[in-house]
Amino acid sequence: MADRMSRTEFIALIAMMFATIAFSIDSMLPALPEIGLELSPDEPNRAQLILTSFVLGMGIGTFFTGPLSDAFGRKPVIYGGAALYVLASVVAWASPSLELVLAARIAQGLGAAGPRVVAMAIVRDLYSGRQMARIVSIAMMIFTLFPAFAPLMGAGLIALTGWRGIFAAFVLFSTVSILWMGFRLPESLPVENRRPFRLPLLADAVRQMFGHPTVRLSIMVQTLCMGTLFTMLTMVQPVYDVIHDRADSFPFWFALVALLSGSASLLNAALVVRVGMRRMVTWSLGAQIIITLAVIALNSLPLSDSLSFGLFIAWQTAVFFMAGTTLGNLNAIAMEPMGHIAGMAASVIGAVATVLAAAIAAPVGLLFDGSLAPLTTGILTMCTLGFLLMLHMGRIEDRLPEVSL
């Protein structure tokens with residue numbers, strides 16, 4: 001790898017693979033009203049399912065892409081995922097119905113799971129220790145900035161080509177990243193280091209993880225935190241459009257919120273060593289409960305639209321910020337006792353949490369009725385359940401003093 005690709009180029013490639021997910025989700029947000037009016041005029045709110053259907057497919061794909069790449073090599077699995085992603089994008093571009101778009105989005109998610117999971121495996125193949133941590137940190141920093149600009153890119157594409165042009169952009173984006181990888185990055189997993197794909201091993205990994213109380217609780221809380229994030233993402237554009245009549249400026253406000261909440265990872269890095277992962281998650285969920293209750297109380301008052309909108313911006317930032325101080329820690333908590341099956345565990349944990357979070361967010365998003373009530377109630381419920389589960393995890397830690405999370 002070093003002979004053909006510099007470290008800087010490698011980081012840029014990995015960041016682009018990570019960004020496939022953010023681009024596939026966030027760039028669709030400005031398109032939801034047009035898609036709803038064209039393909040589901042009687043129930044335009046169903047267009048929100050375009051987001052959760054992609055996440056559902058990605059979660060299912062995450063079950064298998066890691067183990068498949070261990071068996072057949074990294075690049076073949078990424079090639080296969082990219083081919084499915086491109087084909088599904090073409091189908092969505094040409095779709096005459098919302099149902100066909102949703103089916104294509106599920107397939108898109110299945111394909112996107114390749115870059116999402118296997119890119120991290122490639123980093124593990126080529127680097128270790130502090131060098132690996134440094135590369136992942138830089139790539140993730142680039143990845144966290146991408147959602148700030150994805151809705152702006154989507155809005156620009158819609159202005160030039162209509163909403164179907166976004167799917168053409170997905171084809172171009174994936175093609176560029178795959179050609180870049182194909183010509184510049186050698187296969188990172190030698191044939192002699194590959195392991196056969198066996199479903200019994202996957203089933204055994206699931207059994208081990210859900211049989212461990214800390215891992216089980218961590219996956220449950222991770223599901224709720226991801227559900228909170230996905231619920232906000234599915235409803236955020238209708239809130240700007242229907243409640244506050246700011247659809248035109250939505251991409252700019254979303255970019256501001258994404259940039260502000262991006263500092264959560266820096267705060268978490270500064271505090272987690274001293275505070276601990278479990279306390280960091282518990283405190284973040286507790287703070288979100290208080291903030292959401294305040295939003296509910298303040299919205300019951302006769303506020304002006306500007307004050308109400310400012311309140312929502314602050315709350316949206318807090319929800320995104322909470323994701324930055326919980327999801328990484330929860331994943332680390334779940335992985336801690338699973339070092340002996342780390343690769344398989346990473347696939348299973350990511351898949352289970354993503355699929356269940358999408359299953360929670362989709363029906364909550366469809367409850368949007370022109371008010372904040374479904375969104376605030378849904379997020380308050382999920383955060384409260386997560387907080388109670390983290391308190392229970394703390395009691396388990398107290399009974400097992402050798403465990404310190």
# chains A, B, ... in the order shown; residues from 1 in each chain; ligands from 1
call {"tool": "residues_around", "arguments": {"residues": "Leu259 (chain A)", "least_positions_apart": "6", "cutoff": "10 Å", "atoms": "only C-alpha atoms", "output": "list of chain:residue names"}}
result
A:Thr144, A:Leu145, A:Phe146, A:Pro147, A:Ala148, A:Phe149, A:Trp253, A:Thr317
call {"tool": "residues_around", "arguments": {"residues": "region 181-192 of chain A", "least_positions_apart": "6", "cutoff": "10 Å", "atoms": "only C-alpha atoms", "output": "short mmCIF file (atom, residue, chain, number, x, y, z; two decimals) with N, CA and C atoms, in the first residue's frame"}}
result
data_model
loop_
_atom_site.label_atom_id
_atom_site.label_comp_id
_atom_site.auth_asym_id
_atom_site.auth_seq_id
_atom_site.Cartn_x
_atom_site.Cartn_y
_atom_site.Cartn_z
N MET A 1 0.82 -1.20 0.00
CA MET A 1 0.00 0.00 0.00
C MET A 1 0.85 1.24 0.00
N ALA A 2 1.94 1.22 0.81
CA ALA A 2 2.77 2.40 0.93
C ALA A 2 3.45 2.74 -0.39
N ASP A 3 3.69 1.71 -1.28
CA ASP A 3 4.37 1.96 -2.55
C ASP A 3 3.47 2.70 -3.53
N ARG A 4 2.18 2.56 -3.37
CA ARG A 4 1.28 3.12 -4.37
C ARG A 4 0.39 4.23 -3.84
N MET A 5 0.20 4.30 -2.55
CA MET A 5 -0.72 5.29 -1.99
C MET A 5 -0.12 5.88 -0.73
N SER A 6 -0.03 7.21 -0.67
CA SER A 6 0.48 7.87 0.52
C SER A 6 -0.55 7.77 1.64
N GLU A 9 -3.41 10.22 1.04
CA GLU A 9 -4.37 9.74 0.05
C GLU A 9 -5.23 8.62 0.62
N PHE A 10 -4.61 7.75 1.42
CA PHE A 10 -5.35 6.65 2.03
C PHE A 10 -6.44 7.18 2.96
N LEU A 13 -9.31 8.54 0.93
CA LEU A 13 -10.13 7.48 0.35
C LEU A 13 -11.06 6.87 1.40
N ILE A 14 -10.51 6.56 2.57
CA ILE A 14 -11.34 5.98 3.64
C ILE A 14 -12.45 6.95 4.05
N MET A 17 -15.22 6.82 1.57
CA MET A 17 -16.05 5.63 1.75
C MET A 17 -17.02 5.82 2.92
N SER A 69 -16.17 -10.27 3.96
CA SER A 69 -14.86 -9.71 3.57
C SER A 69 -13.72 -10.52 4.20
N ASP A 70 -13.96 -11.14 5.36
CA ASP A 70 -12.96 -12.02 5.95
C ASP A 70 -12.76 -13.28 5.11
N ALA A 71 -13.83 -13.70 4.43
CA ALA A 71 -13.78 -14.94 3.65
C ALA A 71 -13.28 -14.72 2.23
N PHE A 72 -13.71 -13.64 1.59
CA PHE A 72 -13.44 -13.46 0.16
C PHE A 72 -12.49 -12.30 -0.15
N GLY A 73 -12.07 -11.55 0.88
CA GLY A 73 -11.21 -10.40 0.64
C GLY A 73 -11.99 -9.10 0.74
N ARG A 74 -11.26 -8.01 0.99
CA ARG A 74 -11.92 -6.73 1.21
C ARG A 74 -12.49 -6.14 -0.08
N LYS A 75 -11.67 -6.12 -1.13
CA LYS A 75 -12.07 -5.44 -2.35
C LYS A 75 -13.26 -6.11 -3.07
N PRO A 76 -13.31 -7.45 -3.17
CA PRO A 76 -14.48 -8.04 -3.82
C PRO A 76 -15.80 -7.69 -3.15
N ILE A 78 -16.44 -4.93 -1.37
CA ILE A 78 -16.73 -3.53 -1.66
C ILE A 78 -17.22 -3.38 -3.10
N TYR A 79 -16.60 -4.11 -4.05
CA TYR A 79 -17.05 -4.06 -5.44
C TYR A 79 -18.51 -4.51 -5.56
N ALA A 121 -12.23 -2.33 8.27
CA ALA A 121 -11.42 -3.54 8.28
C ALA A 121 -10.12 -3.32 7.51
N ILE A 122 -10.17 -2.56 6.43
CA ILE A 122 -8.96 -2.27 5.66
C ILE A 122 -7.97 -1.48 6.52
N VAL A 123 -8.48 -0.51 7.29
CA VAL A 123 -7.60 0.25 8.18
C VAL A 123 -6.94 -0.68 9.19
N ARG A 124 -7.72 -1.63 9.75
CA ARG A 124 -7.16 -2.58 10.72
C ARG A 124 -6.12 -3.48 10.08
N ASP A 125 -6.33 -3.83 8.79
CA ASP A 125 -5.36 -4.69 8.10
C ASP A 125 -4.01 -4.01 7.94
N LEU A 126 -4.03 -2.71 7.68
CA LEU A 126 -2.81 -2.01 7.28
C LEU A 126 -2.12 -1.25 8.40
N THR A 175 -19.10 5.57 -8.05
CA THR A 175 -18.20 5.16 -9.14
C THR A 175 -16.80 5.74 -8.95
#
call {"tool": "residues_around", "arguments": {"residues": "Gln237 (chain A)", "least_positions_apart": "2", "cutoff": "10 Å", "atoms": "only C-alpha atoms", "output": "PyMOL selection string"}}
result
chain A and resi 29-33+48+232-235+239-243+246-247+250-251+254
call {"tool": "write_last_selection", "arguments": {"atoms": "N, CA and C atoms", "output": "PDB file, in the first residue's frame"}}
result
ATOM      1  N   LEU A  29     -32.687  14.945   2.370  1.00  0.00           N
ATOM      2  CA  LEU A  29     -33.612  15.713   3.214  1.00  0.00           C
ATOM      3  C   LEU A  29     -34.334  16.823   2.453  1.00  0.00           C
ATOM      4  N   PRO A  30     -33.647  17.656   1.657  1.00  0.00           N
ATOM      5  CA  PRO A  30     -34.388  18.715   0.946  1.00  0.00           C
ATOM      6  C   PRO A  30     -35.330  18.186  -0.124  1.00  0.00           C
ATOM      7  N   ALA A  31     -35.156  16.924  -0.548  1.00  0.00           N
ATOM      8  CA  ALA A  31     -35.973  16.363  -1.623  1.00  0.00           C
ATOM      9  C   ALA A  31     -37.296  15.795  -1.135  1.00  0.00           C
ATOM     10  N   LEU A  32     -37.447  15.602   0.164  1.00  0.00           N
ATOM     11  CA  LEU A  32     -38.636  14.908   0.675  1.00  0.00           C
ATOM     12  C   LEU A  32     -39.950  15.567   0.280  1.00  0.00           C
ATOM     13  N   PRO A  33     -40.092  16.910   0.363  1.00  0.00           N
ATOM     14  CA  PRO A  33     -41.377  17.502  -0.040  1.00  0.00           C
ATOM     15  C   PRO A  33     -41.734  17.231  -1.500  1.00  0.00           C
ATOM     16  N   GLN A  48     -40.834  10.346   4.203  1.00  0.00           N
ATOM     17  CA  GLN A  48     -39.828  10.161   5.251  1.00  0.00           C
ATOM     18  C   GLN A  48     -39.240   8.753   5.242  1.00  0.00           C
ATOM     19  N   MET A 232     -35.101  12.252  14.720  1.00  0.00           N
ATOM     20  CA  MET A 232     -34.875  13.667  14.438  1.00  0.00           C
ATOM     21  C   MET A 232     -34.611  13.885  12.954  1.00  0.00           C
ATOM     22  N   LEU A 233     -33.814  13.019  12.346  1.00  0.00           N
ATOM     23  CA  LEU A 233     -33.504  13.179  10.930  1.00  0.00           C
ATOM     24  C   LEU A 233     -34.747  13.020  10.054  1.00  0.00           C
ATOM     25  N   THR A 234     -35.629  12.090  10.396  1.00  0.00           N
ATOM     26  CA  THR A 234     -36.813  11.877   9.570  1.00  0.00           C
ATOM     27  C   THR A 234     -37.814  13.023   9.680  1.00  0.00           C
ATOM     28  N   MET A 235     -37.848  13.694  10.826  1.00  0.00           N
ATOM     29  CA  MET A 235     -38.845  14.748  11.029  1.00  0.00           C
ATOM     30  C   MET A 235     -38.304  16.157  10.868  1.00  0.00           C
ATOM     31  N   VAL A 239     -40.448  19.741  10.040  1.00  0.00           N
ATOM     32  CA  VAL A 239     -40.536  20.777  11.086  1.00  0.00           C
ATOM     33  C   VAL A 239     -40.152  22.132  10.516  1.00  0.00           C
ATOM     34  N   TYR A 240     -39.042  22.184   9.776  1.00  0.00           N
ATOM     35  CA  TYR A 240     -38.629  23.440   9.157  1.00  0.00           C
ATOM     36  C   TYR A 240     -39.672  23.934   8.160  1.00  0.00           C
ATOM     37  N   ASP A 241     -40.233  23.023   7.375  1.00  0.00           N
ATOM     38  CA  ASP A 241     -41.127  23.389   6.286  1.00  0.00           C
ATOM     39  C   ASP A 241     -42.535  23.698   6.786  1.00  0.00           C
ATOM     40  N   VAL A 242     -43.151  22.744   7.461  1.00  0.00           N
ATOM     41  CA  VAL A 242     -44.567  22.856   7.829  1.00  0.00           C
ATOM     42  C   VAL A 242     -44.775  23.769   9.031  1.00  0.00           C
ATOM     43  N   ILE A 243     -43.961  23.596  10.069  1.00  0.00           N
ATOM     44  CA  ILE A 243     -44.173  24.358  11.304  1.00  0.00           C
ATOM     45  C   ILE A 243     -43.609  25.767  11.200  1.00  0.00           C
ATOM     46  N   ARG A 246     -39.687  27.429   6.696  1.00  0.00           N
ATOM     47  CA  ARG A 246     -38.302  27.771   6.366  1.00  0.00           C
ATOM     48  C   ARG A 246     -37.659  26.672   5.505  1.00  0.00           C
ATOM     49  N   ALA A 247     -38.420  26.110   4.593  1.00  0.00           N
ATOM     50  CA  ALA A 247     -37.896  25.046   3.742  1.00  0.00           C
ATOM     51  C   ALA A 247     -36.723  25.529   2.897  1.00  0.00           C
ATOM     52  N   PHE A 250     -33.572  25.691   4.972  1.00  0.00           N
ATOM     53  CA  PHE A 250     -33.283  24.481   5.740  1.00  0.00           C
ATOM     54  C   PHE A 250     -31.853  23.980   5.585  1.00  0.00           C
ATOM     55  N   PRO A 251     -31.314  23.858   4.345  1.00  0.00           N
ATOM     56  CA  PRO A 251     -29.944  23.314   4.232  1.00  0.00           C
ATOM     57  C   PRO A 251     -28.901  24.151   4.972  1.00  0.00           C
ATOM     58  N   PHE A 254     -29.336  23.494   8.747  1.00  0.00           N
ATOM     59  CA  PHE A 254     -28.858  22.139   9.039  1.00  0.00           C
ATOM     60  C   PHE A 254     -27.334  22.111   9.074  1.00  0.00           C
TER      61      PHE A 254
END
call {"tool": "closest_residue", "arguments": {"among": "A:Asp245, A:Asp42, A:Glu34, A:Asp204", "to": "Ile158 (chain A)", "atoms": "only C-alpha atoms"}}
result
A:Glu34
call {"tool": "atom_distance", "arguments": {"atom1": "CA of Ile25 (chain A)", "atom2": "CA of Leu217 (chain A)"}}
result
27.5 Å
call {"tool": "closest_atom_pairs", "arguments": {"of": "region 214-246 of chain A", "to": "region 344-353 of chain A", "cutoff": "12 Å", "atoms": "only C-alpha atoms", "output": "CSV"}}
result
residue,atom,partner,partner_atom,distance
A:Val215,CA,A:Ile349,CA,9.1
A:Arg216,CA,A:Ile349,CA,9.6
A:Leu217,CA,A:Ala353,CA,11.3
A:Ser218,CA,A:Ile349,CA,9.4
A:Ile219,CA,A:Ala353,CA,6.2
A:Met220,CA,A:Ala353,CA,7.3
A:Val221,CA,A:Ala353,CA,8.7
A:Gln222,CA,A:Ala353,CA,6.2
A:Thr223,CA,A:Ala353,CA,4.4
A:Leu224,CA,A:Ala353,CA,8.2
A:Cys225,CA,A:Ala353,CA,9.2
A:Met226,CA,A:Ala353,CA,7.4
A:Gly227,CA,A:Ala353,CA,8.7
A:Thr228,CA,A:Ala353,CA,11.9
A:Phe230,CA,A:Ala353,CA,11.7
call {"tool": "write_last_selection", "arguments": {"atoms": "N, CA and C atoms", "output": "PDB file, in the first residue's frame"}}
result
ATOM      1  N   VAL A 215     -23.080  -6.159  27.580  1.00  0.00           N
ATOM      2  CA  VAL A 215     -23.171  -6.040  26.120  1.00  0.00           C
ATOM      3  C   VAL A 215     -24.623  -5.913  25.696  1.00  0.00           C
ATOM      4  N   ARG A 216     -25.485  -6.728  26.280  1.00  0.00           N
ATOM      5  CA  ARG A 216     -26.904  -6.691  25.940  1.00  0.00           C
ATOM      6  C   ARG A 216     -27.504  -5.315  26.230  1.00  0.00           C
ATOM      7  N   LEU A 217     -27.216  -4.794  27.403  1.00  0.00           N
ATOM      8  CA  LEU A 217     -27.742  -3.473  27.759  1.00  0.00           C
ATOM      9  C   LEU A 217     -27.171  -2.381  26.854  1.00  0.00           C
ATOM     10  N   SER A 218     -25.892  -2.485  26.530  1.00  0.00           N
ATOM     11  CA  SER A 218     -25.273  -1.483  25.676  1.00  0.00           C
ATOM     12  C   SER A 218     -25.919  -1.457  24.297  1.00  0.00           C
ATOM     13  N   ILE A 219     -26.202  -2.632  23.745  1.00  0.00           N
ATOM     14  CA  ILE A 219     -26.858  -2.687  22.436  1.00  0.00           C
ATOM     15  C   ILE A 219     -28.251  -2.084  22.510  1.00  0.00           C
ATOM     16  N   MET A 220     -28.962  -2.335  23.588  1.00  0.00           N
ATOM     17  CA  MET A 220     -30.310  -1.780  23.746  1.00  0.00           C
ATOM     18  C   MET A 220     -30.272  -0.256  23.824  1.00  0.00           C
ATOM     19  N   VAL A 221     -29.323   0.277  24.602  1.00  0.00           N
ATOM     20  CA  VAL A 221     -29.220   1.733  24.728  1.00  0.00           C
ATOM     21  C   VAL A 221     -28.725   2.343  23.414  1.00  0.00           C
ATOM     22  N   GLN A 222     -27.796   1.665  22.752  1.00  0.00           N
ATOM     23  CA  GLN A 222     -27.324   2.150  21.460  1.00  0.00           C
ATOM     24  C   GLN A 222     -28.482   2.212  20.467  1.00  0.00           C
ATOM     25  N   THR A 223     -29.357   1.231  20.494  1.00  0.00           N
ATOM     26  CA  THR A 223     -30.540   1.238  19.637  1.00  0.00           C
ATOM     27  C   THR A 223     -31.407   2.465  19.919  1.00  0.00           C
ATOM     28  N   LEU A 224     -31.628   2.768  21.183  1.00  0.00           N
ATOM     29  CA  LEU A 224     -32.465   3.907  21.553  1.00  0.00           C
ATOM     30  C   LEU A 224     -31.816   5.236  21.157  1.00  0.00           C
ATOM     31  N   CYS A 225     -30.495   5.344  21.341  1.00  0.00           N
ATOM     32  CA  CYS A 225     -29.810   6.589  20.960  1.00  0.00           C
ATOM     33  C   CYS A 225     -29.808   6.774  19.455  1.00  0.00           C
ATOM     34  N   MET A 226     -29.578   5.693  18.706  1.00  0.00           N
ATOM     35  CA  MET A 226     -29.667   5.783  17.255  1.00  0.00           C
ATOM     36  C   MET A 226     -31.100   6.066  16.812  1.00  0.00           C
ATOM     37  N   GLY A 227     -32.060   5.484  17.519  1.00  0.00           N
ATOM     38  CA  GLY A 227     -33.466   5.772  17.216  1.00  0.00           C
ATOM     39  C   GLY A 227     -33.798   7.234  17.414  1.00  0.00           C
ATOM     40  N   THR A 228     -33.230   7.829  18.471  1.00  0.00           N
ATOM     41  CA  THR A 228     -33.417   9.262  18.703  1.00  0.00           C
ATOM     42  C   THR A 228     -32.863  10.074  17.544  1.00  0.00           C
ATOM     43  N   PHE A 230     -32.206   9.048  14.382  1.00  0.00           N
ATOM     44  CA  PHE A 230     -32.935   8.795  13.143  1.00  0.00           C
ATOM     45  C   PHE A 230     -34.315   9.455  13.165  1.00  0.00           C
TER      46      PHE A 230
END
call {"tool": "atom_distance", "arguments": {"atom1": "CA of Ser27 (chain A)", "atom2": "CA of Leu102 (chain A)"}}
result
15.8 Å
call {"tool": "atom_distance", "arguments": {"atom1": "CA of Asp398 (chain A)", "atom2": "CA of Leu327 (chain A)"}}
result
22.6 Å
call {"tool": "closest_residue", "arguments": {"among": "A:Ala255, A:Met209, A:Ala168, A:Leu375", "to": "Ile333 (chain A)", "atoms": "only C-alpha atoms"}}
result
A:Met209
call {"tool": "closest_atom_pairs", "arguments": {"of": "region 336-396 of chain A", "to": "region 268-278 of chain A", "cutoff": "9 Å", "atoms": "only C-alpha atoms", "output": "CSV"}}
result
residue,atom,partner,partner_atom,distance
A:Met390,CA,A:Arg278,CA,7.1
A:Met393,CA,A:Arg278,CA,8.0
A:Gly394,CA,A:Arg278,CA,7.5
call {"tool": "write_last_selection", "arguments": {"atoms": "C-alpha atoms", "output": "PDB file, in the first residue's frame"}}
result
ATOM      1  CA  MET A 390     -27.762   2.858  31.953  1.00  0.00           C
ATOM      2  CA  MET A 393     -25.829  -1.084  33.945  1.00  0.00           C
ATOM      3  CA  GLY A 394     -24.287   0.938  36.771  1.00  0.00           C
TER       4      GLY A 394
END
call {"tool": "closest_residue", "arguments": {"among": "A:Ile11, A:Ile360, A:Val91, A:Leu330", "to": "Ala119 (chain A)", "atoms": "only C-alpha atoms"}}
result
A:Ile11
